[in-house]
Each structure stands twice: as structure tokens, then as C-alpha cells.
Amino acid sequence: MPAAAPLGQWVDPFIGTGGKGYGTGSAFPGPQLPFGLARPGPDTGLPGGLALGFAHCSGYNFEDSVILGFSQTRMHGTGIVDYGAVSFMPTLGFSADKALPKGAMQGFDKASETASPGRYALTLNDGIGVELTATARVGLHRFRFPAGQPAAVLLDLGRTLPDVEVVDATLELGPDASTVRGFMHVAGGYSKRSGGVKIYFAAAFSRPPSGHGAWQDGQVVADATQRQGQAIGAYFEFAGDDPVVLGVGLSFVDAEHAAQNLAAEAPDLDFDAAQTAAQAAWEAELARVELHGRSERDFEIFYTALYHALLMPTLASDVDGSYRGLDQQVHSADFNYYTDLSLWDTFRTEHPLLTLLYPEYQVDFLRSLARMARDGGYMPRWPLGTGYTGGMLGESATIVFADSYAKGLTIPADEAELAYAAMRNTALAPVPPGSPYPGRSGVLDYIELGYVPLEAGGSSVSWTLESAYDDFALAGLAAALGKPDDAAMFGARASNYRNTYDPVSGLMIARHKDGSFVADVDPLAWQDFYAEGNAMQYLWYAPHDLEGLADLMGGREVLLGRLRELFTLSEQEPPSIQPQSYYWHGNEPDLHAAFIFSALAEPAETARWSRWIADHRYADNPAGLAGNDDAGTLSAWYVLTATGLFPIAGSDTYLVGSPRFTRATLHLADGDLVIDAPAASADAIYVDALRLDGAPHDAPRLRHDQLADGGLLQFDMSEQPGPWGQAE
């Protein structure tokens with residue numbers, strides 16, 4: 001059966017908004033446009049307003065029962081709390097106690113809460129109906145107050161998400177108090193590393209208030225129109241029973257640009273028109289994939305995953321092309337400039353998916369990274385807002401660039417040269433002291449020894465493995481840009497992952513500068529020389545050279561045997577709120593592991609285990625993600641593997657898995673790619689034969705150029721594994 005239009009009906013934004021501990025998805029149900037700046041949404045808490053940071057990285061948790069406010073900015077799926085700026089809250093009349101922290105919080109009717117692409121709505125316990133929608137740079141709110149009740153809307157610039165500090169804020173009301181402008185300077189888990197981030201806003205109401213005032217540190221002054229400080233706010237009272245529509249324009253540049261964005265995108269504050277446009281925008285993007293399948297539940301999980309994959313990065317340029325760069329200066333771009341690129345997470349699945357299905361966005365992301373390198377002096381790692389954060393490790397922008405270039409995407413030559421120079425510089429030398437970007441850890445030791453030694457600092461094994469992968473990517477990018485000497489140099493360094501392999505333990509473990517390996521490594525423990533993982537999970541971290549990894553471990557059969565053991569033990573390990581000890585789908589380093597079988601010509605095992613992951617680590621409920629979605633990374637994994645393809649990021653290779661749908665039509669830029677698997681089902685998961693445009697294809701891998709122009713990929717599926725794709 002087909003997934004019937006409108007495809008937005010299959011999207012459930014509540015998927016991934018719950019979960020416990022390390023299984024928290026950190027999704028949010030509020031509206032936005034694809035990759036939009038404006039993300040108006042509910043900030044929630046438990047009774048009394050308690051909201052623990054890790055469970056509220058997006059400001060929302062499905063288990064909560066209280067609304068603290070509706071802020072305009074947040075991120076999707078991260079494990080770090082940031083943003084949460086410019087919070088509005090409707091209330092039945094204003095009183096001074098509502099200016100106090102959490103003074104206006106309200107319970108809400110859970111049964112009334114609904115969400116779909118471009119729309120969110122609920123009813124508060126006091127009877128106020130709240131609806132939210134968005135344009136690219138404007139959050140729109142519509143408040144319906146109970147008839148005959150006093151109506152007020154509060155702007156609280158002293159409240160933000162848990163663990164996020166308000167550094168400073170300003171507000172200034174317009175002549176009739178129907179508009180208000182200002183900024184919030186917030187410092188969250190990552191933005192505080194670069195001094196925080198300023199969000200400018202310009203808000204307008206659909207009708208003038210009948211009364212207004214402002215407060216600071218809980219002291220309320222009627223008719224006040226200006227305030228500056230860390231705990232400031234304003235109230236707006238409305239007469240009559242007509243709904244109140246609020247539009248909030250946003251900008252990283254200044255309040256004037258926020259007002260320009262509001263005027264350009266929501267000039268009449270027409271909530272219904274904005275909502276219709278948002279729904280149409282989402283329908284167009286979701287329609288790039290058309291599905292036939294056997295299960296409506298599969299449609300729901302797939303299209304929700306595709307929706308989640310289109311939420312981040314974040315638009316950061318204004319309607320006139322202005323943006324604030326990593327040098328904190330205002331620049332202009334002739335393309336859409338984006339920020340909030342997590343990179344260490346997203347290079348693996350998110351960016352390859354976008355390169356395949358949404359190349360016009362991916363080109364803008366590459367150009368944005370090139371601008372960041374130009375403006376700030378360094379290619380960033382996890383840029384957030386207008387600053388460097390140095391979050392996580394590796395220099396994953398190199399893989400994002402290499403992956404795109406290997407698949408035919410390019411940016412203007414001068415921008416590519418600038419970006420490459422920035423990545424090359426930090427691959428060859430430390431950054432100067434005081435630089436906003438930390439550079440590669442232990443880079444000189446890595447060049448001299450071939451690995452990052454324990455003495456260089458934390459995550460030394462992970463840094464070695466990431467650096468080798470990054471060097472592989474730099475080699476490919478250098479070749480694409482016509483730099484053969486660099487390609488050879490970095491290509492030789494791409495095998496440095498081998499230098500962390502201890503043949504005694506059979507693991508990738510830390511080494512001292514003198515060459516000795518650390519003794520007594522517990523393969524299941526998080527140790528200082530790994531980043532968010534253990535030795536069992538990092539053993540497989542050479543996606544760019546899996547055949548070489550097999551040789552290192554003693555041959556193909558040895559590696560495959562150990563990999564089977566990993567997944568068998570994973571299947572036996574019960575899910576918990578703690579990180580998994582074996583295969584851990586809730587985090588990034590081993591996301592490719594199930595596809596190593598196909599890379600080594602055992603595609604039946606890839607089919608078995610990739611299906612097992614999809615069946616047991618995704619669901620159609622608020623706990624439906626295995627961990628933080630990390631800006632769409634886990635969601636993009638599902639979208640890709642459900643089509644039967646998985647990318648080796650930084651290369652032009654896709655490994656073949658197990659298509660989930662009987663037919664998937666991918667509307668690519670240069671033609672439709674039809675993936676036809678009429679027998680695919682919950683039981684028929686194994687590939688018996690594969691044909692590309694009618695010709696037999698015997699290898700469980702495909703090149704991008706075999707798919708990019710469109711065509712027909714036909715899978716014969718079976719309930720039992722057969723010989724297709726196996727090594728001779």
C-alpha cells in the first residue's frame with residue numbers, strides 16, 4: 001500500500017520527546033520550517049516547575065505536566081542545553097506575583113496537546129488555547145482566552161532553559177505597546193564557551209494592548225516601556241474576547257534586522273496563512289521520498305525520521321543576507337548562511353542523506369562552513385550561534401566536505417580553497433595559544449608518532465581514530481581540488497588508526513609516548529582515552545578502511561567472528577537508562593557497525609542486524625529513539641537504512657543492507673531513483689538478488705554515480721539468507 005498524501009499525516013513530532021537517562025531523545029514538538037531559525041515551542045517542567053537539564057535539552061519532555069513558557073529558540077536532539085530565548089506566556093490577567101520566577105507557569109490538558117509539521121497546540125488548565133506556527137525567521141503564537149476573562153501576555157526575558165544563564169537582556173515597547181524589541185544574551189552548555197550568544201527580537205501583537213507595564217527583579221511598574229538586566233520582563237493586557245496573535249521576528253544581527261524579518265515574513269500576522277505555508281513547505285520536502293509498504297507504523301517512523309533530519313542546522317542569515325560571523329562582525333551572504341552544525345554527530349548519516357536527497361541545502365551548509373573559516377580564522381567544530389564551541393572531537397567538517405565532493409557537490413572555487421586551507425592548517429600544526437578554536441589534540445605527536453599519546457590529554461585513542469579518518473577525508477578532498485602531493489601525504493596518515501591496535505588485547509587502546517600500551521583495559525568500561533564509548537565500541541572505528549581493519553585484526557574471518565559476537569551480546573543485553581556495553585545505537589562511534597558485514601561481503605549479516613536495530617531501537621512513541629537524536633543523526637540513519645543503503649561518509653560508497661519498504665521512490669536532483677523490493681517484509685529481510693537498471697549487481701556496495709542520475713534498483717528478498725553478495 002502507498003503512504004497516502006498528505007505525507008505530513010505520518011509525522012509524529014512527539015516521537016523522541018521522552019525517554020530516560022541516556023535514552024532521552026531530546027526532540028521537541030514545536031513548529032519550524034526546514035532548517036529554520038524560529039523554533040517557538042513549549043518549555044515544560046514537572047509540578048513545581050522542576051526541569052532537569054539533561055531531560056530538557058530542547059526545553060520539552062513528554063512526561064512533564066507544566067508549561068513554564070513558550071520560548072523561540074532551541075536545538076533538536078542534542079545532549080547539551082542551550083538557547084531558550086525570548087519566552088512569552090499567556091495568562092488570565094496580570095498580577096505582580098506573575099513577574100516572579102515561575103510565577104506564571106500553568107498546568108495543561110495533555111489530551112489537548114497536538115503537533116504536526118508546522119503546527120503545535122494545547123489548552124492550558126486556565127482555559128487558554130495556545131497555537132504555534134513559524135516562518136523561517138518568525139515564531140507566531142495565537143492565544144484564545146476564555147470569554148469574559150481578563151487576558152494578558154507576559155514577556156519574560158529572565159527565564160530560559162535549565163542550566164542556561166541570562167547574561168543580559170533589554171526590552172523596549174513601541175508607542176502604543178503593540179510592539180516590543182530587544183535582545184537576550186544567553187550562555188548555555190556550549191555557547192558559554194564563546195561568551196554566550198545574543199538573540200535579537202522584534203515582536204508585534206495583532207491588536208494594541210489595553211494596558212502594559214514592565215518589571216525588573218520582581219519589581220513591577222505600570223506603563224513602563226524599557227528595561228535592561230538579567231531578570232526583566234513586560235506584561236500586555238488585552239480587552240475583549242478576540243484572539244491575540246503574536247509574531248516574533250528573530251535575528252543574530254540586531255533588533256532592526258529582526259523587525260525586517262518580521263515585516264518580510266509575517267507582515268499581517270496572518271496565523272492561518274503562515275501555518276498553511278509551513279505545512280506546504282514540509283509537504284514539499286517530505287515528498288522527495290514516496291513509499292509503498294506493509295505497515296502504517298513503518299510510514300510513521302520513517303516520515304518522522306525524515307522530518308527530524310530536516311530540523312538542523314539553523315538558518316542564521318536575515319532576509320537581506322546579513323549574518324553575524326564567528327568574528328562577531330556583521331557580514332553579507334548571497335546564500336542562506338547556517339549555524340549550529342554538530343558535525344561529529346552529523347557527518348556520519350545526516351550530511352550524506354542531505355547530499356543525496358537535499359543537495360541545495362547541503363551546498364549552503366558547505367558554504368556556511370567556508371564562511372566560518374574565513375570570518376573566524378578556523379574551520380569550526382560544533383559552531384553554535386555566533387561562536388566556536390570546540391564541542392566533541394575530531395575535525396569532522398573535513399569528512400562533510402570530502403563526502404560532498406566525492407558525490408559531485410561543489411562550492412565556488414575560492415571558497416573551497418579557503419575551506420581546504422583552514423582544514424589543512426590545523427591538520428599540520430597546533431593553533432596559537434588563545435585561539436577561539438582548540439585545533440587537533442596532540443597533533444605534533446600524532447604526526448611524529450602516528451598516534452596521539454596518553455600524555456597529550458583525554459580521549460587520546462578517539463583522537464587518533466578520528467584524526468586518521470579525517471586525514472582520509474583530507475586526502476580525498478585534496479585529490480578533488482587538484483593537490484596530489486597533499487593527497488598522498490594525508491592518504492598515508494589515514495592508516496594511523498592501526499597504531500592504537502594492541503595485538504595482545506585485540507583492542508584499540510591508549511599508548512604512552514614511549515610506545516607502550518596501557519595495561520589492563522576493561523573493554524566494557526568508559527575510560528579517559530575514549531570519548532563517549534568503550535574499547536568494544538571503538539574497535540570498529542576505521543570506516544574508511546574496513547578491509548585494512550580486518551587485516552589488522554588477523555583476517556576477515558576473525559573480524560567477522562568478533563563482530564557477530566558483538567551483536568549477539570548486544571541482542572542479549574537489556575536496554576537501560578545507561579549506555580549499552582556492546583553495540584550502542586544511542587551514540588555515534590559504532591553507528592556503521594552493522595554494515596561492516598556488507599563491506600566484507602557478508603550482506604546477510606548486515607540485513608539481520610540492521611533490521612534488528614531498526615526494529616528494537618526505534619518506535620512510534622515518545623521514547624522512540626535510542627538516545628539523543630543529535631541534530632537528526634539517528635533519524636537519518638533510519639531513513640537511509642530503511643531504503644537499503646548506508647553511506648561510508650567521506651567516500652562515494654554505499655553499502656547494501658535490507659530495504660524495509662516494498663517500493664521507495666527518491667526524487668533526486670537528476671532523476672528518480674526507484675528502490676523496488678516487492679517481497680520485503682518483516683520476515684523477508686535477506687537479499688537474494690539485486691539488479692541495477694535491469695543488470696545483475698552482485699556486490700553489496702554501490703557508488704554514488706550509479707544512483708545519482710536516477711534509475712531502478714530491484715531487490716529480490718527472501719526469509720532465508722542466500723549466497724548473494726558473499727565473498728568467493
# chains A, B, ... in the order shown; residues from 1 in each chain; ligands from 1
>>> closest_atom_pairs(of="stretch 484-588 of chain A", to="stretch 397-414 of chain A", cutoff="12 Å", atoms="only C-alpha atoms", output="JSON lines")
{"residue": "A:Ala487", "atom": "CA", "partner": "A:Ala402", "partner_atom": "CA", "distance": 11.9}
{"residue": "A:Phe490", "atom": "CA", "partner": "A:Thr398", "partner_atom": "CA", "distance": 11.9}
{"residue": "A:Pro543", "atom": "CA", "partner": "A:Ile399", "partner_atom": "CA", "distance": 11.6}
{"residue": "A:His544", "atom": "CA", "partner": "A:Ile399", "partner_atom": "CA", "distance": 10.5}
>>> residues_around(residues="stretch 431-446 of chain A", least_positions_apart="5", cutoff="10 Å", atoms="only C-alpha atoms", output="ChimeraX atom specification")
/A:193-194,326-327,376-381,383,387-391,393-395,423,425-426,451-460,463-464,466-468,493,496,513
>>> residues_around(residues="A:Tyr323", least_positions_apart="5", cutoff="8 Å", atoms="only C-alpha atoms", output="compact mmCIF listing (two decimals) with C-alpha atoms, in the first residue's frame")
# COMPACT_ATOMS: atom_id res chain seq x y z
CA PHE A 252 21.58 37.26 15.31
CA VAL A 253 22.45 40.70 13.87
CA ALA A 316 21.35 32.34 10.69
CA SER A 317 21.16 34.97 7.92
CA ASP A 318 18.45 37.58 7.62
CA VAL A 330 28.20 41.56 10.52
CA HIS A 331 28.70 40.21 7.00
CA SER A 332 26.53 39.62 3.96
CA ALA A 333 25.96 36.39 2.05
CA TYR A 337 24.00 31.07 5.94
>>> residues_around(residues="stretch 157-168 of chain A", least_positions_apart="5", cutoff="8 Å", atoms="only C-alpha atoms", output="list in words")
Asp43, Ala51, Leu52, Gly53, His56, Cys57, Gly59, Ser71, Val81, Asp82, Tyr83, Gly84, Ala85, Val86, Ser87, Pro101, Met184, His185, Val186, Ala187, Gly188, Gly189, Gly196, Gln228, Gly229, Gln230, Ala231, Ile232 and Gly233 of chain A
>>> select_by_dssp(residues="stretch 182-430 of chain A", states="strand (DSSP E)", output="JSON, numbers by chain")
{"A": [182, 183, 184, 185, 186, 187, 197, 198, 199, 200, 201, 202, 203, 204, 205, 211, 212, 213, 214, 215, 216, 219, 220, 221, 222, 226, 227, 228, 232, 233, 234, 235, 236, 237, 238, 244, 245, 246, 247, 248, 249, 250, 251, 289, 290, 291, 292, 314, 315, 322, 323, 324, 330, 331, 332, 338, 339]}
>>> write_last_selection(atoms="C-alpha atoms", output="compact mmCIF listing (two decimals), in the first residue's frame")
# COMPACT_ATOMS: atom_id res chain seq x y z
CA GLY A 182 15.23 43.90 22.44
CA PHE A 183 17.71 41.09 22.86
CA MET A 184 18.63 38.25 25.16
CA HIS A 185 22.23 37.34 25.79
CA VAL A 186 22.23 33.74 26.98
CA ALA A 187 25.07 31.38 27.86
CA VAL A 197 25.03 34.20 22.17
CA LYS A 198 22.79 37.22 21.61
CA ILE A 199 19.33 36.67 20.15
CA TYR A 200 17.65 39.86 18.94
CA PHE A 201 13.89 40.03 18.62
CA ALA A 202 11.13 42.28 17.35
CA ALA A 203 7.63 41.26 18.38
CA ALA A 204 4.24 42.60 17.37
CA PHE A 205 0.67 41.94 18.54
CA GLY A 211 -2.65 48.15 29.42
CA HIS A 212 1.02 47.36 29.85
CA GLY A 213 4.00 47.62 32.15
CA ALA A 214 7.40 46.12 32.88
CA TRP A 215 9.37 44.63 35.72
CA GLN A 216 12.91 44.08 36.90
CA GLN A 219 9.52 44.96 40.89
CA VAL A 220 6.61 45.88 38.63
CA VAL A 221 5.99 49.37 37.23
CA ALA A 222 2.77 50.05 35.32
CA GLN A 226 12.05 49.99 28.87
CA ARG A 227 14.16 47.65 30.95
CA GLN A 228 17.67 46.20 30.92
CA ILE A 232 13.36 41.67 33.29
CA GLY A 233 10.00 41.33 31.64
CA ALA A 234 6.89 43.08 30.41
CA TYR A 235 3.16 42.47 30.50
CA PHE A 236 0.48 43.30 27.95
CA GLU A 237 -3.23 43.34 28.85
CA PHE A 238 -5.97 42.94 26.24
CA VAL A 244 -4.40 37.65 20.20
CA VAL A 245 -1.81 36.84 17.54
CA LEU A 246 1.84 37.46 18.35
CA GLY A 247 4.66 37.46 15.81
CA VAL A 248 8.28 37.31 16.98
CA GLY A 249 10.96 38.11 14.42
CA LEU A 250 14.46 36.87 15.28
CA SER A 251 17.98 37.76 14.22
CA VAL A 289 10.53 10.24 -0.82
CA GLU A 290 7.41 8.31 -1.76
CA LEU A 291 6.83 4.96 -0.10
CA HIS A 292 4.88 1.76 -0.58
CA THR A 314 19.84 26.53 11.87
CA LEU A 315 19.26 29.40 9.47
CA SER A 322 23.12 39.80 6.70
CA TYR A 323 24.62 37.47 9.30
CA ARG A 324 26.86 37.76 12.32
CA VAL A 330 28.20 41.56 10.52
CA HIS A 331 28.70 40.21 7.00
CA SER A 332 26.53 39.62 3.96
CA TYR A 338 23.51 28.46 8.67
CA THR A 339 24.88 27.73 12.12
>>> closest_residue(among="A:Pro175, A:Gly657, A:Pro40, A:Gly16", to="A:Val138", atoms="only C-alpha atoms")
A:Pro40
>>> atom_distance(atom1="atom CA of A:Pro574", atom2="atom CA of A:Tyr530")
23.2 Å
>>> residues_around(residues="A:Trp540", least_positions_apart="5", cutoff="8 Å", atoms="only C-alpha atoms", output="ChimeraX atom specification")
/A:549,590,593
>>> select_by_dssp(residues="stretch 159-229 of chain A", states="helix (DSSP H, G or I)", output="PyMOL selection string")
chain A and resi 191-194
>>> write_last_selection(atoms="all heavy atoms", output="JSON list (two decimals), in the first residue's frame")
[["chain", "number", "residue", "atom", "x", "y", "z"],
["A", 191, "SER", "N", 27.31, 27.46, 24.24],
["A", 191, "SER", "CA", 27.54, 28.85, 23.85],
["A", 191, "SER", "C", 28.38, 29.61, 24.87],
["A", 191, "SER", "O", 29.07, 30.57, 24.52],
["A", 191, "SER", "CB", 26.21, 29.57, 23.62],
["A", 191, "SER", "OG", 25.43, 29.63, 24.79],
["A", 192, "LYS", "N", 28.35, 29.17, 26.13],
["A", 192, "LYS", "CA", 29.15, 29.87, 27.14],
["A", 192, "LYS", "C", 30.64, 29.76, 26.85],
["A", 192, "LYS", "O", 31.43, 30.59, 27.33],
["A", 192, "LYS", "CB", 28.85, 29.33, 28.53],
["A", 192, "LYS", "CG", 29.29, 27.90, 28.77],
["A", 192, "LYS", "CD", 28.89, 27.42, 30.16],
["A", 192, "LYS", "CE", 29.29, 25.97, 30.40],
["A", 192, "LYS", "NZ", 28.82, 25.49, 31.73],
["A", 193, "ARG", "N", 31.05, 28.79, 26.05],
["A", 193, "ARG", "CA", 32.47, 28.64, 25.73],
["A", 193, "ARG", "C", 32.99, 29.80, 24.89],
["A", 193, "ARG", "O", 34.19, 30.04, 24.85],
["A", 193, "ARG", "CB", 32.71, 27.32, 24.99],
["A", 193, "ARG", "CG", 32.33, 26.09, 25.80],
["A", 193, "ARG", "CD", 32.63, 24.82, 25.03],
["A", 193, "ARG", "NE", 32.29, 23.62, 25.78],
["A", 193, "ARG", "CZ", 32.55, 22.38, 25.38],
["A", 193, "ARG", "NH1", 33.17, 22.18, 24.22],
["A", 193, "ARG", "NH2", 32.21, 21.34, 26.12],
["A", 194, "SER", "N", 32.09, 30.48, 24.19],
["A", 194, "SER", "CA", 32.50, 31.64, 23.39],
["A", 194, "SER", "C", 31.84, 32.91, 23.90],
["A", 194, "SER", "O", 31.65, 33.87, 23.15],
["A", 194, "SER", "CB", 32.15, 31.42, 21.91],
["A", 194, "SER", "OG", 30.76, 31.18, 21.76]]
>>> residues_around(residues="A:Ala266", least_positions_apart="3", cutoff="9 Å", atoms="only C-alpha atoms", output="ChimeraX atom specification")
/A:135,138,140,247,249,261-263,269-271,274
>>> atom_distance(atom1="atom CA of A:Glu532", atom2="atom CA of A:Arg348")
15.8 Å
>>> residues_around(residues="A:Ser598", least_positions_apart="6", cutoff="8 Å", atoms="only C-alpha atoms", output="MDAnalysis selection string")
chainID A and resid 604:606 655:657 700:701 725
>>> write_last_selection(atoms="N, CA, C and O atoms", output="PDB file, in the first residue's frame")
ATOM      1  N   ALA A 604      24.168 -10.786   4.332  1.00  0.00           N
ATOM      2  CA  ALA A 604      23.056 -11.356   5.093  1.00  0.00           C
ATOM      3  C   ALA A 604      23.139 -10.950   6.562  1.00  0.00           C
ATOM      4  O   ALA A 604      22.110 -10.703   7.208  1.00  0.00           O
ATOM      5  N   GLU A 605      24.352 -10.862   7.087  1.00  0.00           N
ATOM      6  CA  GLU A 605      24.507 -10.435   8.479  1.00  0.00           C
ATOM      7  C   GLU A 605      24.166  -8.955   8.643  1.00  0.00           C
ATOM      8  O   GLU A 605      23.572  -8.549   9.646  1.00  0.00           O
ATOM      9  N   THR A 606      24.525  -8.142   7.647  1.00  0.00           N
ATOM     10  CA  THR A 606      24.107  -6.743   7.679  1.00  0.00           C
ATOM     11  C   THR A 606      22.592  -6.642   7.666  1.00  0.00           C
ATOM     12  O   THR A 606      21.999  -5.864   8.417  1.00  0.00           O
ATOM     13  N   LEU A 655      26.856   0.994   1.192  1.00  0.00           N
ATOM     14  CA  LEU A 655      26.786  -0.433   1.451  1.00  0.00           C
ATOM     15  C   LEU A 655      25.330  -0.874   1.450  1.00  0.00           C
ATOM     16  O   LEU A 655      24.444  -0.135   1.884  1.00  0.00           O
ATOM     17  N   VAL A 656      25.092  -2.071   0.976  1.00  0.00           N
ATOM     18  CA  VAL A 656      23.729  -2.574   0.809  1.00  0.00           C
ATOM     19  C   VAL A 656      23.283  -3.291   2.072  1.00  0.00           C
ATOM     20  O   VAL A 656      24.026  -4.107   2.638  1.00  0.00           O
ATOM     21  N   GLY A 657      22.079  -2.980   2.509  1.00  0.00           N
ATOM     22  CA  GLY A 657      21.506  -3.616   3.686  1.00  0.00           C
ATOM     23  C   GLY A 657      20.243  -4.364   3.351  1.00  0.00           C
ATOM     24  O   GLY A 657      20.257  -5.299   2.540  1.00  0.00           O
ATOM     25  N   PRO A 700      27.619  -6.197  -2.625  1.00  0.00           N
ATOM     26  CA  PRO A 700      26.768  -5.472  -1.683  1.00  0.00           C
ATOM     27  C   PRO A 700      27.245  -4.048  -1.434  1.00  0.00           C
ATOM     28  O   PRO A 700      27.293  -3.568  -0.301  1.00  0.00           O
ATOM     29  N   ARG A 701      27.610  -3.361  -2.486  1.00  0.00           N
ATOM     30  CA  ARG A 701      28.003  -1.968  -2.410  1.00  0.00           C
ATOM     31  C   ARG A 701      27.694  -1.310  -3.740  1.00  0.00           C
ATOM     32  O   ARG A 701      27.668  -1.953  -4.787  1.00  0.00           O
ATOM     33  N   GLY A 725      26.074 -11.832  -2.847  1.00  0.00           N
ATOM     34  CA  GLY A 725      26.992 -10.844  -2.303  1.00  0.00           C
ATOM     35  C   GLY A 725      28.106 -11.390  -1.442  1.00  0.00           C
ATOM     36  O   GLY A 725      28.926 -10.624  -0.936  1.00  0.00           O
TER      37      GLY A 725
END
>>> closest_residue(among="A:Val518, A:Leu566, A:Leu306, A:Ala475", to="A:Asp502", atoms="only C-alpha atoms")
A:Val518
>>> atom_distance(atom1="atom CA of A:Ala147", atom2="atom CA of A:Ser95")
19.3 Å
>>> decode(residues="stretch 110-137 of chain A", atoms="N, CA, C and O atoms", output="compact mmCIF listing (two decimals), in the first residue's frame")
# COMPACT_ATOMS: atom_id res chain seq x y z
N LYS A 110 -3.18 17.48 28.84
CA LYS A 110 -2.36 16.64 27.95
C LYS A 110 -3.15 16.12 26.76
O LYS A 110 -2.62 16.00 25.65
N ALA A 111 -4.42 15.85 26.98
CA ALA A 111 -5.25 15.34 25.89
C ALA A 111 -5.44 16.37 24.78
O ALA A 111 -5.76 16.01 23.64
N SER A 112 -5.27 17.65 25.12
CA SER A 112 -5.46 18.70 24.12
C SER A 112 -4.21 18.96 23.29
O SER A 112 -4.27 19.70 22.29
N GLU A 113 -3.09 18.39 23.68
CA GLU A 113 -1.81 18.70 23.05
C GLU A 113 -1.69 17.99 21.71
O GLU A 113 -1.81 16.76 21.62
N THR A 114 -1.48 18.74 20.65
CA THR A 114 -1.33 18.17 19.31
C THR A 114 -0.13 18.81 18.63
O THR A 114 0.24 19.95 18.90
N ALA A 115 0.47 18.06 17.71
CA ALA A 115 1.61 18.58 16.95
C ALA A 115 1.65 17.91 15.59
O ALA A 115 1.35 16.72 15.46
N SER A 116 2.01 18.67 14.60
CA SER A 116 2.21 18.19 13.24
C SER A 116 3.20 19.13 12.58
O SER A 116 3.49 20.20 13.13
N PRO A 117 3.75 18.78 11.42
CA PRO A 117 4.70 19.69 10.79
C PRO A 117 4.10 21.07 10.58
O PRO A 117 3.09 21.24 9.90
N GLY A 118 4.70 22.07 11.21
CA GLY A 118 4.23 23.44 11.07
C GLY A 118 3.19 23.89 12.06
O GLY A 118 2.75 25.04 12.01
N ARG A 119 2.81 23.03 13.02
CA ARG A 119 1.77 23.43 13.96
C ARG A 119 1.93 22.72 15.30
O ARG A 119 2.28 21.54 15.34
N TYR A 120 1.65 23.45 16.38
CA TYR A 120 1.59 22.88 17.73
C TYR A 120 0.45 23.58 18.46
O TYR A 120 0.22 24.79 18.27
N ALA A 121 -0.28 22.84 19.30
CA ALA A 121 -1.40 23.45 20.03
C ALA A 121 -1.64 22.70 21.33
O ALA A 121 -1.36 21.50 21.43
N LEU A 122 -2.17 23.43 22.31
CA LEU A 122 -2.63 22.83 23.56
C LEU A 122 -3.57 23.80 24.25
O LEU A 122 -3.73 24.94 23.83
N THR A 123 -4.19 23.32 25.31
CA THR A 123 -5.03 24.16 26.15
C THR A 123 -4.48 24.13 27.57
O THR A 123 -4.27 23.06 28.14
N LEU A 124 -4.23 25.31 28.12
CA LEU A 124 -3.75 25.42 29.49
C LEU A 124 -4.89 25.14 30.46
O LEU A 124 -6.08 25.21 30.11
N ASN A 125 -4.53 24.82 31.68
CA ASN A 125 -5.55 24.49 32.67
C ASN A 125 -6.51 25.64 32.97
O ASN A 125 -7.63 25.42 33.44
N ASP A 126 -6.08 26.87 32.70
CA ASP A 126 -6.97 28.00 32.93
C ASP A 126 -7.88 28.29 31.73
O ASP A 126 -8.57 29.30 31.69
N GLY A 127 -7.84 27.39 30.75
CA GLY A 127 -8.73 27.50 29.61
C GLY A 127 -8.18 28.25 28.42
O GLY A 127 -8.85 28.36 27.38
N ILE A 128 -6.96 28.76 28.50
CA ILE A 128 -6.37 29.50 27.37
C ILE A 128 -5.90 28.50 26.31
O ILE A 128 -5.15 27.56 26.61
N GLY A 129 -6.35 28.71 25.08
CA GLY A 129 -5.87 27.90 23.97
C GLY A 129 -4.65 28.52 23.34
O GLY A 129 -4.61 29.73 23.09
N VAL A 130 -3.63 27.70 23.10
CA VAL A 130 -2.37 28.18 22.52
C VAL A 130 -2.11 27.43 21.22
O VAL A 130 -2.19 26.20 21.18
N GLU A 131 -1.81 28.17 20.17
CA GLU A 131 -1.39 27.59 18.90
C GLU A 131 -0.08 28.25 18.48
O GLU A 131 0.10 29.45 18.66
N LEU A 132 0.80 27.46 17.90
CA LEU A 132 2.09 27.96 17.43
C LEU A 132 2.31 27.54 15.99
O LEU A 132 1.96 26.42 15.59
N THR A 133 2.92 28.41 15.21
CA THR A 133 3.42 28.08 13.90
C THR A 133 4.66 28.93 13.65
O THR A 133 5.09 29.69 14.52
N ALA A 134 5.25 28.82 12.47
CA ALA A 134 6.51 29.54 12.23
C ALA A 134 6.72 29.79 10.75
O ALA A 134 6.26 29.03 9.89
N THR A 135 7.44 30.86 10.47
CA THR A 135 8.08 31.05 9.18
C THR A 135 9.56 30.75 9.40
O THR A 135 9.95 30.26 10.45
N ALA A 136 10.40 31.09 8.43
CA ALA A 136 11.82 30.78 8.58
C ALA A 136 12.45 31.50 9.76
O ALA A 136 13.26 30.93 10.49
N ARG A 137 12.04 32.77 9.98
CA ARG A 137 12.70 33.60 10.99
C ARG A 137 11.72 34.19 12.00
O ARG A 137 12.11 35.05 12.78
